[in-house]
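For reference, the structure discussed in these notes is given below.
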Amino acid sequence: MMLSASEVCLRCGRSRCKADACCKACTWPFSLAAWDHTACHINRITRDTGCINSKRKDQSLNQLEDWAERGYFRFQRTDEMLNEVRRSSTDRYLDKALTVDAVPGVFILDGNMLHGGDVLAGPDLTEEIRSILFPHPQLTENQESDVRHLYEHVRTGGDIFTTHNTNDFLKNGKQEKLAQLGIWVFRPDELIQFLVNPMRWNLLGYPGGSS
């Protein structure tokens with residue numbers, strides 16, 4: 001019997017028991033406590049559109065950008081971010097968005113060169129994401145855009161998604177339900193607190209301590 005997308009680890013594709021705190025094959029966490037024991041590193045953080053930080057006035061994003069510049073991890077953006085910015089924002093936002101690296105392409109059998117920049121495609125969790133974020137049948141254009149943001153993040157193997165949009169991504173148990181699928185979403189200030197946990201910082205391989 002074929003497993004559904006939510007029944008496999010979104011990192012390694014192996015089957016998983018939903019009761020497990022982390023994947024038995026690759027140790028990808030499905031609970032906050034499991035981050036203190038995983039062998040996985042945080043390498044790529046995907047920004048939501050509201051986290052462009054074009055004027056550098058967001059202190060949490062300034063701190064995260066500083067860590068990214070030090071090489072602790074990479075900030076990335078989805079194609080959907082650019083689509084959203086082009087629909088509704090100023091040239092300043094677009095210019096800043098274009099400075100953020102795009103998420104990689106996904107590897108398609110017989111359609112890609114080996115040793116290129118593409119990654120193996122993660123699972124298509126579109127329906128699972130939609131049902132958690134917006135458990136009602138009719139979605140607005142902005143809500144559909146939120147689903148596409150998170151879909152691209154998962155599909156291209158992003159580690160953490162950061163957003164200021166708490167209503168659509170975090171409130172009313174959404175953050176916890178996404179985590180149970182292995183999708184980790186934090187506000188920028190939450191992400192800083194998550195990263196500076198001393199045990200987690202050292203375990204996840206960041207250089208030079210947590211200062």
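Going by the structure tokens order, chains are called A, B, ..., each with residues numbered from 1, while ligands are numbered from 1 in the order shown.
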Q: List the neighbours of range 5-10 of chain A out to 12 Å using only C-alpha atoms; skip same-chain residues closer than 2 positions along the sequence, and give me the result as a VMD selection string.
A: chain A and resid 1 to 3 12 to 30 120 to 129 151 153 to 159 177 to 184
Output the selection as a CSV table (one decimal), in the first residue's frame - N, CA and C atoms for each residue.
```csv
chain,number,residue,atom,x,y,z
A,1,MET,N,0.8,-1.2,0.0
A,1,MET,CA,0.0,0.0,0.0
A,1,MET,C,0.9,1.2,0.0
A,2,MET,N,0.6,2.2,-0.9
A,2,MET,CA,1.4,3.4,-1.0
A,2,MET,C,1.1,4.3,0.2
A,3,LEU,N,2.2,4.8,0.8
A,3,LEU,CA,2.0,5.7,2.0
A,3,LEU,C,1.6,7.1,1.5
A,12,CYS,N,13.9,12.6,4.6
A,12,CYS,CA,14.6,11.5,4.0
A,12,CYS,C,13.6,10.6,3.2
A,13,GLY,N,12.3,10.8,3.3
A,13,GLY,CA,11.4,10.0,2.6
A,13,GLY,C,11.1,8.6,3.1
A,14,ARG,N,11.7,8.3,4.3
A,14,ARG,CA,11.4,7.0,4.9
A,14,ARG,C,10.1,7.0,5.6
A,15,SER,N,9.4,5.9,5.8
A,15,SER,CA,8.2,5.8,6.5
A,15,SER,C,8.4,6.2,8.0
A,16,ARG,N,7.4,6.7,8.6
A,16,ARG,CA,7.5,7.2,10.0
A,16,ARG,C,6.3,6.9,10.7
A,17,CYS,N,6.4,6.7,12.0
A,17,CYS,CA,5.3,6.6,13.0
A,17,CYS,C,5.0,8.0,13.5
A,18,LYS,N,3.8,8.4,13.4
A,18,LYS,CA,3.5,9.8,13.8
A,18,LYS,C,3.7,10.0,15.3
A,19,ALA,N,3.8,8.9,16.1
A,19,ALA,CA,4.0,9.0,17.5
A,19,ALA,C,5.5,9.3,17.8
A,20,ASP,N,6.4,9.1,16.9
A,20,ASP,CA,7.8,9.3,17.1
A,20,ASP,C,8.1,10.7,17.2
A,21,ALA,N,9.1,11.1,18.1
A,21,ALA,CA,9.5,12.5,18.3
A,21,ALA,C,10.5,12.9,17.2
A,22,CYS,N,11.1,11.9,16.5
A,22,CYS,CA,12.0,12.3,15.4
A,22,CYS,C,12.0,11.1,14.5
A,23,CYS,N,12.5,11.3,13.3
A,23,CYS,CA,12.6,10.2,12.3
A,23,CYS,C,13.7,9.2,12.7
A,24,LYS,N,13.4,8.0,12.7
A,24,LYS,CA,14.3,6.9,13.2
A,24,LYS,C,15.5,6.8,12.2
A,25,ALA,N,15.3,7.2,10.9
A,25,ALA,CA,16.3,7.1,9.9
A,25,ALA,C,17.3,8.2,9.9
A,26,CYS,N,16.7,9.5,9.9
A,26,CYS,CA,17.6,10.6,9.7
A,26,CYS,C,17.6,11.6,10.9
A,27,THR,N,16.8,11.3,11.9
A,27,THR,CA,16.6,12.1,13.2
A,27,THR,C,16.0,13.4,13.0
A,28,TRP,N,15.3,13.7,11.8
A,28,TRP,CA,14.6,15.0,11.7
A,28,TRP,C,13.5,15.1,12.8
A,29,PRO,N,13.5,16.2,13.5
A,29,PRO,CA,12.6,16.3,14.7
A,29,PRO,C,11.1,16.6,14.3
A,30,PHE,N,10.2,16.0,15.1
A,30,PHE,CA,8.8,16.3,15.0
A,30,PHE,C,8.3,16.9,16.3
A,120,LEU,N,16.8,17.1,-4.3
A,120,LEU,CA,15.7,16.1,-4.5
A,120,LEU,C,14.4,16.7,-3.9
A,121,ALA,N,13.4,16.6,-4.7
A,121,ALA,CA,12.1,17.2,-4.3
A,121,ALA,C,11.6,16.5,-3.0
A,122,GLY,N,11.2,17.4,-2.0
A,122,GLY,CA,10.5,16.9,-0.9
A,122,GLY,C,9.0,16.5,-1.2
A,123,PRO,N,8.3,16.0,-0.2
A,123,PRO,CA,6.9,15.6,-0.5
A,123,PRO,C,6.0,16.8,-0.8
A,124,ASP,N,5.0,16.5,-1.5
A,124,ASP,CA,4.0,17.5,-1.8
A,124,ASP,C,2.9,17.5,-0.7
A,125,LEU,N,3.1,18.4,0.2
A,125,LEU,CA,2.2,18.5,1.4
A,125,LEU,C,1.1,19.7,1.2
A,126,THR,N,0.8,20.0,0.0
A,126,THR,CA,-0.1,21.1,-0.3
A,126,THR,C,-1.4,20.9,0.5
A,127,GLU,N,-2.0,19.8,0.4
A,127,GLU,CA,-3.3,19.6,1.0
A,127,GLU,C,-3.2,19.6,2.6
A,128,GLU,N,-2.1,19.0,3.1
A,128,GLU,CA,-2.0,19.0,4.5
A,128,GLU,C,-1.7,20.4,5.0
A,129,ILE,N,-0.9,21.2,4.3
A,129,ILE,CA,-0.6,22.6,4.7
A,129,ILE,C,-1.9,23.4,4.6
A,151,TYR,N,4.5,25.5,0.8
A,151,TYR,CA,4.7,24.3,-0.1
A,151,TYR,C,6.1,24.4,-0.7
A,153,HIS,N,8.8,25.9,0.4
A,153,HIS,CA,9.7,25.7,1.5
A,153,HIS,C,9.9,24.2,1.7
A,154,VAL,N,8.9,23.5,1.8
A,154,VAL,CA,8.9,22.0,2.1
A,154,VAL,C,9.5,21.3,0.9
A,155,ARG,N,9.0,21.6,-0.3
A,155,ARG,CA,9.4,20.9,-1.5
A,155,ARG,C,10.9,21.0,-1.8
A,156,THR,N,11.5,22.2,-1.4
A,156,THR,CA,12.9,22.4,-1.7
A,156,THR,C,13.8,22.1,-0.5
A,157,GLY,N,13.2,21.5,0.5
A,157,GLY,CA,14.1,21.0,1.6
A,157,GLY,C,14.5,22.1,2.6
A,158,GLY,N,13.8,23.2,2.7
A,158,GLY,CA,14.1,24.2,3.7
A,158,GLY,C,14.0,23.7,5.1
A,159,ASP,N,14.8,24.2,6.0
A,159,ASP,CA,14.9,23.7,7.4
A,159,ASP,C,13.9,24.4,8.3
A,177,LYS,N,0.7,21.9,14.9
A,177,LYS,CA,0.3,20.9,13.9
A,177,LYS,C,1.3,20.8,12.8
A,178,LEU,N,1.8,21.9,12.4
A,178,LEU,CA,2.9,21.9,11.3
A,178,LEU,C,4.1,21.2,11.8
A,179,ALA,N,4.5,21.4,13.1
A,179,ALA,CA,5.6,20.7,13.6
A,179,ALA,C,5.5,19.2,13.6
A,180,GLN,N,4.2,18.8,13.9
A,180,GLN,CA,4.0,17.3,13.9
A,180,GLN,C,4.2,16.7,12.5
A,181,LEU,N,4.2,17.5,11.4
A,181,LEU,CA,4.5,17.0,10.1
A,181,LEU,C,6.0,17.2,9.8
A,182,GLY,N,6.7,17.9,10.7
A,182,GLY,CA,8.2,18.2,10.5
A,182,GLY,C,8.4,19.5,9.9
A,183,ILE,N,7.3,20.4,9.8
A,183,ILE,CA,7.5,21.7,9.2
A,183,ILE,C,7.6,22.7,10.4
A,184,TRP,N,8.8,23.4,10.4
A,184,TRP,CA,9.1,24.2,11.6
A,184,TRP,C,9.0,25.7,11.1
```
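Counting only C-alpha atoms, Leu94 in chain A has the following residues at most 12 Å away, ignoring those fewer than 2 positions along the same chain: Thr49, Gly50, Ile52, Asn53, Ser54, Arg77, Met81, Leu82, Asn83, Glu84, Val85, Arg86, Arg87, Ser88, Ser89, Thr90, Asp91, Arg92, Lys96, Ala97, Leu98, Thr99 and Val100 of chain A.
Listed by chain and then by rising number, the residues of chain A that DSSP assigns to strand (DSSP E) from the backbone are Arg44, Ile45, Thr46, Arg47, Arg74, Phe75, Gln76, Arg77, Asp101, Ala102, Val106, Phe107, Val119, Leu120, Ile160, Phe161, Thr162, Val185 and Phe186 of chain A.
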(Q) Give me the residues near range 59-65 of chain A as a list in words, where near means some atom within 10 Å (using only C-alpha atoms) and where sequence neighbours in that chain fewer than 6 positions away do not count. (A) Ile45, Arg47, Cys51, Ile52, Asn53, Gly71, Tyr72, Phe73, Arg74, Phe75, Thr162, Arg187, Pro188, Asp189, Glu190, Leu191, Ile192 and Leu195 of chain A
Expected file: the selected residues, C-alpha atoms, as an mmCIF file, in the first residue's frame:
```cif
data_model
loop_
_atom_site.group_PDB
_atom_site.id
_atom_site.type_symbol
_atom_site.label_atom_id
_atom_site.label_comp_id
_atom_site.auth_asym_id
_atom_site.auth_seq_id
_atom_site.Cartn_x
_atom_site.Cartn_y
_atom_site.Cartn_z
ATOM 1 C CA ILE A 45 15.964 29.374 6.612
ATOM 2 C CA ARG A 47 11.807 34.079 4.785
ATOM 3 C CA CYS A 51 10.441 39.373 6.739
ATOM 4 C CA ILE A 52 12.168 41.225 3.900
ATOM 5 C CA ASN A 53 13.417 43.892 6.382
ATOM 6 C CA GLY A 71 27.887 31.763 7.639
ATOM 7 C CA TYR A 72 25.869 30.077 10.383
ATOM 8 C CA PHE A 73 23.030 29.395 7.921
ATOM 9 C CA ARG A 74 21.615 30.722 4.644
ATOM 10 C CA PHE A 75 18.546 32.884 4.235
ATOM 11 C CA THR A 162 10.252 32.440 9.533
ATOM 12 C CA ARG A 187 8.550 34.322 14.292
ATOM 13 C CA PRO A 188 12.024 35.899 13.957
ATOM 14 C CA ASP A 189 12.237 36.596 17.707
ATOM 15 C CA GLU A 190 11.136 33.028 18.486
ATOM 16 C CA LEU A 191 13.756 31.728 16.090
ATOM 17 C CA ILE A 192 16.509 33.623 17.901
ATOM 18 C CA LEU A 195 18.804 29.034 18.243
#
```
Q) Residues of chain A in alpha helix (DSSP H) according to DSSP, as an NGL selection string? A) :A and (59-69 or 79-88 or 91-99 or 126-133 or 141-155 or 166-169 or 174-180 or 188-196 or 198-203)
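What separates CA of Asn167 in chain A from CA of His149 in chain A is a distance of 15.1 Å.
The gap separating CA of Glu152 in chain A from CA of Asp79 in chain A is 7.9 Å, in Å to one decimal.
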Q: Just give me the gap between CA of Leu170 in chain A and CA of Arg148 in chain A in Å, one decimal is fine.
A: 16.1 Å
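Taking only C-alpha atoms into account, Asn142 in chain A lies nearest to A:Asp168 out of the set A:His41, A:Pro104, A:Asp168, A:Lys174.
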